[in-house]
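Source file: structure-v3.txt (compact mmCIF, C-alpha atoms)
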# COMPACT_ATOMS: atom_id res chain seq x y z
CA VAL A 14 0.29 -187.41 22.42
CA SER A 15 4.00 -186.96 21.75
CA VAL A 16 4.06 -187.37 17.95
CA ARG A 17 2.30 -185.23 15.37
CA SER A 18 -0.65 -186.62 13.47
CA SER A 19 1.22 -187.43 10.25
CA ALA A 20 3.90 -189.34 12.18
CA ALA A 21 1.25 -191.30 14.10
CA GLN A 22 -0.35 -192.23 10.77
CA ARG A 23 2.94 -193.45 9.32
CA ARG A 24 3.88 -195.36 12.45
CA ASP A 25 0.53 -196.76 13.60
CA GLY A 26 -2.04 -196.02 10.90
CA LEU A 27 -3.81 -193.91 13.54
CA LEU A 28 -5.88 -191.79 11.16
CA THR A 29 -6.88 -194.80 9.05
CA ARG A 30 -8.03 -196.63 12.16
CA MET A 31 -10.01 -193.56 13.26
CA LYS A 32 -11.72 -193.47 9.85
CA HIS A 33 -12.66 -197.13 10.09
CA THR A 34 -13.98 -196.64 13.63
CA PHE A 35 -16.36 -193.87 12.54
CA GLU A 36 -17.54 -195.84 9.51
CA SER A 37 -18.13 -199.05 11.45
CA SER A 38 -19.98 -197.18 14.20
CA PHE A 39 -22.25 -195.64 11.57
CA GLU A 40 -22.92 -199.04 10.01
CA VAL A 41 -23.83 -200.53 13.40
CA HIS A 42 -25.87 -197.67 14.87
CA GLY A 43 -27.06 -195.84 11.77
CA LYS A 44 -26.15 -192.48 13.30
CA PRO A 45 -23.21 -190.08 12.99
CA ALA A 46 -20.89 -189.63 15.95
CA CYS A 47 -20.51 -186.98 18.62
CA VAL A 48 -16.76 -186.36 18.97
CA LEU A 49 -15.20 -185.10 22.20
CA THR A 50 -11.60 -183.93 22.36
CA HIS A 51 -9.42 -182.40 25.05
CA SER A 52 -6.32 -180.22 24.66
CA TYR A 53 -4.08 -181.41 21.77
CA GLY A 54 -6.91 -183.77 20.82
CA ASP A 55 -8.59 -180.77 19.17
CA THR A 56 -5.61 -180.22 16.87
CA LEU A 57 -5.55 -183.93 16.06
CA ALA A 58 -9.29 -183.99 15.33
CA ARG A 59 -9.20 -180.98 13.01
CA TYR A 60 -6.15 -182.49 11.27
CA PHE A 61 -8.13 -185.71 10.85
CA MET A 62 -11.15 -183.94 9.37
CA SER A 63 -8.94 -182.40 6.66
CA TRP A 64 -6.99 -185.62 6.11
CA VAL A 65 -10.01 -187.89 5.82
CA GLU A 66 -11.62 -185.94 2.96
CA SER A 67 -8.40 -185.24 1.06
CA PRO A 68 -7.28 -187.30 -1.98
CA ALA A 69 -3.81 -187.11 -0.44
CA GLY A 70 -5.07 -188.49 2.87
CA GLY A 71 -7.99 -190.75 3.74
CA LYS A 72 -9.68 -190.34 0.33
CA GLY A 73 -13.10 -190.14 1.94
CA GLY A 74 -14.14 -187.31 -0.36
CA LYS A 75 -16.15 -184.18 0.24
CA GLY A 76 -19.06 -184.80 2.55
CA TRP A 77 -17.40 -187.55 4.61
CA VAL A 78 -17.37 -185.44 7.80
CA ASP A 79 -20.95 -184.31 7.24
CA LYS A 80 -22.07 -187.94 7.03
CA TYR A 81 -20.14 -189.43 9.92
CA ILE A 82 -19.82 -186.60 12.51
CA HIS A 83 -22.74 -184.45 13.68
CA ARG A 84 -21.37 -182.87 16.88
CA TYR A 85 -17.80 -181.83 17.62
CA VAL A 86 -16.83 -180.76 21.16
CA ASN A 87 -13.46 -179.11 21.72
CA ILE A 88 -12.54 -178.96 25.43
CA GLY A 89 -9.61 -176.66 26.20
CA GLY A 90 -7.99 -176.98 22.78
CA PRO A 91 -4.85 -174.88 22.07
CA VAL A 92 -6.39 -173.75 18.76
CA LEU A 93 -3.85 -170.97 18.13
CA GLY A 94 -0.95 -172.60 19.96
CA VAL A 95 0.77 -172.22 23.31
CA PRO A 96 3.71 -169.86 24.07
CA LYS A 97 5.13 -172.23 26.69
CA VAL A 98 6.06 -174.64 23.87
CA ILE A 99 8.68 -172.15 22.64
CA ALA A 100 9.97 -171.51 26.16
CA ALA A 101 10.30 -175.22 26.84
CA MET A 102 12.10 -175.96 23.58
CA THR A 103 14.43 -172.98 23.94
CA SER A 104 15.40 -173.12 27.60
CA GLY A 105 14.25 -176.53 28.82
CA ASP A 106 11.87 -174.88 31.29
CA THR A 107 8.33 -173.61 31.78
CA SER A 108 6.92 -171.89 34.86
CA GLU A 109 6.32 -175.29 36.48
CA SER A 110 9.97 -176.37 36.29
CA ILE A 111 12.08 -173.22 36.78
CA TRP A 112 12.46 -174.07 40.47
CA LEU A 113 14.23 -177.34 39.61
CA PRO A 114 18.03 -177.26 39.97
CA ASP A 115 20.23 -177.96 36.94
CA PHE A 116 22.18 -181.18 37.46
CA LYS A 117 24.29 -180.90 34.32
CA SER A 118 27.49 -180.50 36.36
CA ILE A 119 27.11 -184.00 37.80
CA LEU A 120 25.00 -185.71 35.14
CA SER A 121 24.98 -185.94 31.36
CA GLU A 122 23.57 -182.90 29.57
CA ARG A 123 21.08 -185.28 27.95
CA SER A 124 19.68 -186.30 31.34
CA VAL A 125 16.15 -184.96 31.85
CA LEU A 126 17.41 -183.63 35.20
CA SER A 127 19.47 -181.04 33.31
CA LYS A 128 17.93 -178.07 31.52
CA ASN A 129 19.58 -179.00 28.23
CA GLY A 130 18.34 -182.55 28.64
CA ARG A 131 14.79 -181.36 29.25
CA ALA A 132 14.97 -179.09 26.18
CA HIS A 133 16.18 -182.05 24.07
CA TRP A 134 13.37 -184.20 25.47
CA PHE A 135 10.75 -181.54 24.64
CA ARG A 136 12.13 -181.20 21.10
CA SER A 137 11.78 -184.94 20.53
CA MET A 138 7.98 -184.56 20.73
CA SER A 139 7.01 -183.73 17.17
CA SER A 140 3.45 -182.88 18.24
CA GLY A 141 4.93 -179.64 19.56
CA SER A 142 5.17 -178.32 16.01
CA LEU A 143 1.36 -178.11 15.84
CA MET A 144 1.21 -176.34 19.21
CA LEU A 145 3.56 -173.48 18.31
CA PRO A 146 1.84 -170.08 18.54
CA GLN A 147 0.03 -169.40 15.26
CA GLY A 148 -0.71 -166.09 13.62
CA GLY A 149 2.57 -164.38 14.44
CA GLU A 150 2.51 -160.78 15.58
CA GLU A 151 -1.12 -160.23 14.51
CA VAL A 152 -2.22 -162.62 17.24
CA TRP A 153 0.53 -162.35 19.85
CA GLY A 154 1.62 -158.70 19.46
CA SER A 155 4.59 -156.76 18.08
CA ALA A 156 7.66 -155.36 19.80
CA PRO A 157 8.15 -153.19 21.72
CA HIS A 158 4.57 -153.42 23.01
CA LYS A 159 4.23 -157.20 23.07
CA THR A 160 7.05 -159.69 22.85
CA LEU A 161 7.07 -163.39 23.56
CA MET A 162 10.59 -163.44 24.99
CA CYS A 163 13.06 -160.84 26.21
CA ILE A 164 16.61 -161.98 26.89
CA GLY A 165 18.67 -160.21 29.53
CA GLY A 166 21.70 -161.10 31.63
CA LYS A 167 25.43 -160.62 31.26
CA ASP A 168 25.59 -162.39 27.89
CA ALA A 169 22.43 -160.90 26.38
CA ASP A 170 24.29 -158.73 23.87
CA LYS A 171 25.08 -161.78 21.73
CA TYR A 172 21.35 -161.92 20.91
CA GLY A 173 21.02 -158.29 19.83
CA GLU A 174 20.61 -154.77 21.16
CA PRO A 175 19.02 -154.56 24.63
CA ASN A 176 16.00 -152.27 25.03
CA ALA A 177 15.33 -149.76 27.82
CA GLU A 178 14.49 -152.63 30.16
CA GLY A 179 17.93 -154.15 29.61
CA CYS A 180 16.83 -157.15 27.58
CA VAL A 181 16.71 -158.08 23.90
CA PRO A 182 13.06 -158.36 22.72
CA PHE A 183 11.90 -161.21 20.49
CA THR A 184 8.54 -161.28 18.74
CA THR A 185 6.71 -164.59 18.36
CA THR A 186 8.19 -165.15 14.90
CA GLU A 187 11.70 -164.28 16.10
CA SER A 188 11.27 -166.53 19.15
CA ILE A 189 10.34 -169.49 16.93
CA ASP A 190 13.38 -168.82 14.73
CA LEU A 191 15.61 -168.67 17.82
CA MET A 192 14.17 -171.94 19.06
CA TYR A 193 14.94 -173.66 15.76
CA ASN A 194 18.44 -172.16 15.64
CA ARG A 195 19.18 -173.51 19.12
CA SER A 196 17.51 -176.87 18.43
CA GLY A 197 19.55 -177.82 15.40
CA GLN A 198 18.74 -179.14 11.96
CA GLU A 199 17.36 -182.44 13.26
CA THR A 200 14.49 -180.73 15.07
CA ARG A 201 13.76 -178.40 12.16
CA GLN A 202 13.55 -181.35 9.76
CA MET A 203 11.40 -183.47 12.09
CA TRP A 204 8.99 -180.64 12.93
CA GLY A 205 8.80 -179.46 9.33
CA ALA A 206 8.29 -182.89 7.77
CA ASP A 207 4.55 -182.36 7.28
CA LYS A 208 4.06 -179.80 4.50
CA THR A 209 0.26 -179.60 4.76
CA THR A 210 -1.72 -176.93 6.61
CA TRP A 211 -4.00 -179.53 8.20
CA GLY A 212 -4.71 -178.71 11.84
CA GLN A 213 -3.63 -175.06 11.51
CA ALA A 214 -6.70 -173.02 12.37
CA LEU A 215 -5.76 -169.78 10.58
CA LEU A 216 -4.74 -171.54 7.37
CA GLU A 217 -6.82 -174.69 6.94
CA PRO A 218 -10.61 -174.43 6.39
CA LEU A 219 -13.03 -176.55 8.32
CA PRO A 220 -14.87 -179.14 6.22
CA ARG A 221 -18.01 -178.02 4.38
CA SER A 222 -20.44 -179.70 6.72
CA PRO A 223 -23.88 -178.08 7.17
CA ASN A 224 -25.02 -180.78 9.60
CA LEU A 225 -22.05 -180.40 11.94
CA LYS A 226 -22.27 -178.31 15.11
CA MET A 227 -19.10 -177.27 16.91
CA TYR A 228 -18.80 -176.48 20.60
CA CYS A 229 -15.80 -174.81 22.24
CA LEU A 230 -15.76 -175.44 26.00
CA TYR A 231 -12.94 -174.05 28.14
CA GLY A 232 -12.02 -172.59 31.50
CA VAL A 233 -11.11 -168.97 32.23
CA GLY A 234 -9.86 -167.01 35.20
CA VAL A 235 -6.58 -168.86 35.72
CA GLU A 236 -3.22 -167.09 35.38
CA THR A 237 -1.62 -168.47 32.22
CA GLU A 238 1.89 -168.11 30.78
CA ARG A 239 2.00 -165.50 28.02
CA ALA A 240 5.59 -164.21 27.75
CA TYR A 241 9.01 -164.73 29.33
CA ARG A 242 12.09 -162.90 30.56
CA LEU A 243 15.16 -165.10 30.13
CA GLU A 244 18.70 -164.66 31.40
CA ALA A 245 21.62 -165.51 29.10
CA LYS A 246 24.40 -167.31 30.95
CA GLY A 247 27.05 -168.41 28.51
CA GLU A 248 25.24 -170.66 26.02
CA ASP A 249 22.36 -171.33 28.40
CA LEU A 250 19.04 -169.46 28.60
CA GLU A 251 17.14 -169.58 31.88
CA ILE A 252 13.63 -168.26 32.58
CA SER A 253 13.80 -165.57 35.25
CA SER A 254 10.22 -164.26 35.16
CA VAL A 255 6.89 -164.93 33.47
CA GLU A 256 4.20 -162.56 32.15
CA TRP A 257 0.72 -163.85 32.78
CA SER A 258 -2.63 -163.49 31.00
CA ASP A 259 -6.13 -164.92 31.32
CA GLY A 260 -6.65 -168.53 30.29
CA ASP A 261 -6.99 -171.99 31.80
CA GLY A 262 -3.53 -172.19 33.35
CA THR A 263 -1.97 -173.82 30.27
CA VAL A 264 -3.56 -172.25 27.19
CA PRO A 265 -4.02 -168.44 26.92
CA LEU A 266 -7.52 -167.11 26.33
CA VAL A 267 -6.80 -165.90 22.78
CA SER A 268 -5.83 -169.46 21.80
CA LEU A 269 -8.71 -171.11 23.62
CA GLY A 270 -11.47 -168.85 22.42
CA TYR A 271 -10.72 -166.50 19.53
CA MET A 272 -11.53 -168.83 16.61
CA CYS A 273 -14.85 -169.72 18.28
CA SER A 274 -15.66 -166.10 19.18
CA LYS A 275 -17.37 -163.35 17.18
CA GLY A 276 -14.05 -161.99 15.90
CA LYS A 277 -13.87 -161.28 12.17
CA ARG A 278 -11.12 -163.88 11.57
CA GLY A 279 -12.88 -166.58 13.58
CA TRP A 280 -15.03 -169.45 12.35
CA ARG A 281 -18.33 -167.61 12.82
CA LYS A 282 -17.56 -164.78 10.39
CA ASN A 283 -14.75 -166.03 8.16
CA ALA A 284 -16.30 -167.83 5.19
CA ARG A 285 -12.87 -168.94 3.95
CA LEU A 286 -12.11 -170.89 7.13
CA ASN A 287 -15.71 -172.04 7.62
CA PRO A 288 -16.88 -172.51 4.01
CA GLY A 289 -20.25 -170.91 3.51
CA LEU A 290 -20.39 -170.41 7.29
CA LYS A 291 -22.17 -173.76 7.32
CA ILE A 292 -20.83 -175.05 10.66
CA ALA A 293 -22.61 -173.52 13.66
CA VAL A 294 -20.17 -172.60 16.44
CA THR A 295 -21.03 -172.21 20.13
CA SER A 296 -18.71 -171.08 22.93
CA ARG A 297 -19.17 -171.87 26.61
CA GLU A 298 -16.75 -170.62 29.26
CA TYR A 299 -16.39 -171.94 32.80
CA ARG A 300 -15.02 -169.62 35.45
CA HIS A 301 -12.33 -171.21 37.60
CA GLN A 302 -13.81 -171.56 41.10
CA PRO A 303 -11.58 -174.08 42.86
CA ALA A 304 -12.66 -175.79 46.07
CA ALA A 305 -10.40 -174.88 48.98
CA LEU A 306 -9.72 -178.42 50.19
CA SER A 307 -9.60 -180.31 46.90
CA LEU A 308 -6.30 -181.34 45.32
CA ARG A 309 -8.01 -181.54 41.91
CA GLY A 310 -9.94 -178.27 42.21
CA GLY A 311 -13.40 -179.62 42.96
CA PRO A 312 -16.60 -179.61 40.90
CA ARG A 313 -16.26 -176.01 39.61
CA THR A 314 -12.62 -175.96 38.58
CA GLY A 315 -11.70 -174.43 35.24
CA ASP A 316 -8.02 -175.30 34.92
CA HIS A 317 -6.78 -177.05 31.82
CA VAL A 318 -6.75 -180.66 33.06
CA ASN A 319 -9.13 -180.71 36.00
CA ILE A 320 -11.93 -179.02 34.06
CA LEU A 321 -12.76 -182.57 32.99
CA LEU A 322 -14.10 -182.98 36.57
CA ASN A 323 -16.27 -179.84 36.34
CA THR A 324 -19.85 -180.99 36.94
CA GLU A 325 -21.37 -178.22 34.83
CA LEU A 326 -19.09 -179.12 31.91
CA ILE A 327 -20.04 -182.78 32.27
CA GLY A 328 -23.74 -181.85 32.21
CA ASP A 329 -23.22 -179.76 29.07
CA ILE A 330 -21.38 -182.62 27.35
CA ILE A 331 -24.25 -185.01 28.12
CA ALA A 332 -26.76 -182.48 26.78
CA ILE A 333 -24.76 -181.98 23.56
CA ALA A 334 -24.38 -185.73 23.03
CA ALA A 335 -28.13 -186.14 23.57
CA GLY A 336 -28.83 -183.69 20.77
CA ARG A 337 -29.73 -180.55 22.73
CA ASP A 338 -28.59 -177.18 21.39
CA LEU A 339 -26.78 -175.06 23.97
CA GLU A 340 -26.39 -171.29 23.84
CA ASP A 341 -23.24 -169.21 24.10
CA ARG A 342 -22.00 -168.32 27.56
CA VAL A 343 -19.03 -165.97 27.43
CA ILE A 344 -17.80 -164.32 30.64
CA SER A 345 -14.38 -163.15 29.43
CA ASP A 346 -13.64 -160.30 27.02
CA ILE A 347 -12.77 -162.65 24.13
CA ASN A 348 -15.50 -161.22 21.87
CA ALA A 349 -13.83 -157.81 22.12
CA VAL A 350 -10.53 -159.14 20.78
CA GLU A 351 -9.84 -158.12 17.19
CA LEU A 352 -6.95 -159.47 15.13

Give the structure from this file in structure tokens form.
Amino acid sequence: VSVRSSAAQRRDGLLTRMKHTFESSFEVHGKPACVLTHSYGDTLARYFMSWVESPAGGKGGKGWVDKYIHRYVNIGGPVLGVPKVIAAMTSGDTSESIWLPDFKSILSERSVLSKNGRAHWFRSMSSGSLMLPQGGEEVWGSAPHKTLMCIGGKDADKYGEPNAEGCVPFTTTESIDLMYNRSGQETRQMWGADKTTWGQALLEPLPRSPNLKMYCLYGVGVETERAYRLEAKGEDLEISSVEWSDGDGTVPLVSLGYMCSKGKRGWRKNARLNPGLKIAVTSREYRHQPAALSLRGGPRTGDHVNILLNTELIGDIIAIAAGRDLEDRVISDINAVEL
């Protein structure tokens, strides 16, 4: 999905069509739906659940979600955002593309084969605004202990005072500001067009839905981008190294699992974000155990995309859809994380 939920509604009536699909399914089958999402689909689904009950949105009224949705399954959702979004928008690169040469000397800077062109292409995807890291320094750490970016190189001094490591540290909030400053007013206006908090896990409450059960299913044990060292070369910023953390290879563990964990700000304990603590939340983690000779990782993979081929995950999805209640299975240290 390359456009944010509000833009998809204006352009295609996406949210309205989703509402009608749920209502017609209920009329035909007489049962509420089991909803499965993957990756950004989680953000879209939680946005929809706020939109559909709001007088400013779908006008379904309080209780709509409770009537039409009885199970919600989030597979690998970037609930608290993804740091690589900032890196991509700022430099035109992530860890997967830093090996690519920059063809700007022989092609237009807007070509996707140039770093500037890739950055412009990334910025054109308004869905990125809902995948920016959420929670600021409370979630992602404060300088000098934790920064999202640190800019070094011969032209680093234009960004501030270098630290002992010879680079200028940027917190998550400062990194987002830098990204917007480099992106221009057009990106800031496009990404900031939606003034609601819908889809933002730390700001927008879940619906009051005592009949709804939520499952958070995700992979762990894969090195995942967490922070970046960039080199300033003139006006360009290039990723020179990446700091890694646990996750599914795309989304860090804190984003995948914290809101579903036993942390005090998560949905299990925070009555403001889960009104009355009515929605039961279950977490199930899948350790990444890739098959040696499989290009897609095999039946026990836990990486962000190929986890959809994980046979244990598929079995759990079938059980959830059939109405069985599954128990927590947490193998990471996510329950020890406090924000």

Task: Of the listed residues A:Ser140, A:Thr34, A:Gln302, A:Ser188, that which approaches A:Gly205 most closely, counting only C-alpha atoms - done: A:Ser140

Taking all atoms listed in the file into account, produce a table as JSON lines in which each residue of stretch 128-192 of chain A with an atom at most 12 Å from an atom of stretch 84-106 of chain A appears once, together with its shortest atom pair and the distance in Å to one decimal, ordered by chain and rising number.
{"residue": "A:Lys128", "atom": "CA", "partner": "A:Gly105", "partner_atom": "CA", "distance": 4.8}
{"residue": "A:Asn129", "atom": "CA", "partner": "A:Gly105", "partner_atom": "CA", "distance": 5.9}
{"residue": "A:Gly130", "atom": "CA", "partner": "A:Gly105", "partner_atom": "CA", "distance": 7.3}
{"residue": "A:Arg131", "atom": "CA", "partner": "A:Gly105", "partner_atom": "CA", "distance": 4.9}
{"residue": "A:Ala132", "atom": "CA", "partner": "A:Gly105", "partner_atom": "CA", "distance": 3.7}
{"residue": "A:His133", "atom": "CA", "partner": "A:Met102", "partner_atom": "CA", "distance": 7.3}
{"residue": "A:Trp134", "atom": "CA", "partner": "A:Gly105", "partner_atom": "CA", "distance": 8.4}
{"residue": "A:Phe135", "atom": "CA", "partner": "A:Met102", "partner_atom": "CA", "distance": 5.8}
{"residue": "A:Arg136", "atom": "CA", "partner": "A:Met102", "partner_atom": "CA", "distance": 5.8}
{"residue": "A:Ser137", "atom": "CA", "partner": "A:Met102", "partner_atom": "CA", "distance": 9.5}
{"residue": "A:Met138", "atom": "CA", "partner": "A:Met102", "partner_atom": "CA", "distance": 10.0}
{"residue": "A:Ser139", "atom": "CA", "partner": "A:Met102", "partner_atom": "CA", "distance": 11.3}
{"residue": "A:Ser140", "atom": "CA", "partner": "A:Val98", "partner_atom": "CA", "distance": 10.3}
{"residue": "A:Gly141", "atom": "CA", "partner": "A:Val98", "partner_atom": "CA", "distance": 6.7}
{"residue": "A:Ser142", "atom": "CA", "partner": "A:Val98", "partner_atom": "CA", "distance": 8.7}
{"residue": "A:Leu143", "atom": "CA", "partner": "A:Gly94", "partner_atom": "CA", "distance": 7.3}
{"residue": "A:Met144", "atom": "CA", "partner": "A:Gly94", "partner_atom": "CA", "distance": 4.4}
{"residue": "A:Leu145", "atom": "CA", "partner": "A:Gly94", "partner_atom": "CA", "distance": 4.9}
{"residue": "A:Pro146", "atom": "CA", "partner": "A:Gly94", "partner_atom": "CA", "distance": 4.0}
{"residue": "A:Gln147", "atom": "CA", "partner": "A:Leu93", "partner_atom": "CA", "distance": 5.1}
{"residue": "A:Gly148", "atom": "CA", "partner": "A:Leu93", "partner_atom": "CA", "distance": 7.3}
{"residue": "A:Gly149", "atom": "CA", "partner": "A:Leu93", "partner_atom": "CA", "distance": 9.9}
{"residue": "A:Glu151", "atom": "CA", "partner": "A:Leu93", "partner_atom": "CA", "distance": 11.7}
{"residue": "A:Val152", "atom": "CA", "partner": "A:Leu93", "partner_atom": "CA", "distance": 8.6}
{"residue": "A:Trp153", "atom": "CA", "partner": "A:Pro96", "partner_atom": "CA", "distance": 9.2}
{"residue": "A:Thr160", "atom": "CA", "partner": "A:Pro96", "partner_atom": "CA", "distance": 10.8}
{"residue": "A:Leu161", "atom": "CA", "partner": "A:Pro96", "partner_atom": "CA", "distance": 7.3}
{"residue": "A:Met162", "atom": "CA", "partner": "A:Ala100", "partner_atom": "CA", "distance": 8.2}
{"residue": "A:Cys163", "atom": "CA", "partner": "A:Ala100", "partner_atom": "CA", "distance": 11.1}
{"residue": "A:Ile164", "atom": "CA", "partner": "A:Ser104", "partner_atom": "CA", "distance": 11.2}
{"residue": "A:Phe183", "atom": "CA", "partner": "A:Ile99", "partner_atom": "CA", "distance": 11.6}
{"residue": "A:Thr184", "atom": "CA", "partner": "A:Pro96", "partner_atom": "CA", "distance": 11.2}
{"residue": "A:Thr185", "atom": "CA", "partner": "A:Pro96", "partner_atom": "CA", "distance": 8.3}
{"residue": "A:Thr186", "atom": "CA", "partner": "A:Ile99", "partner_atom": "CA", "distance": 10.4}
{"residue": "A:Glu187", "atom": "CA", "partner": "A:Ile99", "partner_atom": "CA", "distance": 10.7}
{"residue": "A:Ser188", "atom": "CA", "partner": "A:Ile99", "partner_atom": "CA", "distance": 7.1}
{"residue": "A:Ile189", "atom": "CA", "partner": "A:Ile99", "partner_atom": "CA", "distance": 6.5}
{"residue": "A:Asp190", "atom": "CA", "partner": "A:Ile99", "partner_atom": "CA", "distance": 9.8}
{"residue": "A:Leu191", "atom": "CA", "partner": "A:Thr103", "partner_atom": "CA", "distance": 7.6}
{"residue": "A:Met192", "atom": "CA", "partner": "A:Thr103", "partner_atom": "CA", "distance": 5.0}

- [ ] Work out how far atom CA of A:Met62 is from atom CA of A:Leu266, in Å to one decimal.
- [x]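 Taking atom CA of A:Leu266 and atom CA of A:Met62, their separation equals 24.2 Å.
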
Task: Option closest in space to A:Leu243, from A:Ile344, A:Leu216, A:Gly276, A:Ala169 [counting only C-alpha atoms] - done: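 Distance minimum relative to A:Leu243 lands on A:Ala169.
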
TODO: Can you work out which one of A:Ser253, A:Ser52, A:Ser67, A:Ser222 has the shortest atom-to-atom distance to A:His317, counting all atoms listed in the file?
DONE: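 Residue with the minimum atom-to-atom distance to A:His317: A:Ser52.
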
- [ ] Counting only C-alpha atoms, select every polymer residue within 12 Å of (-16.4, -184.4, 32.2) as defined in the file's coordinates, and provide the selection as a VMD selection string.
- [x] chain A and resid 49 to 51 86 88 to 89 230 to 231 312 to 315 318 to 332
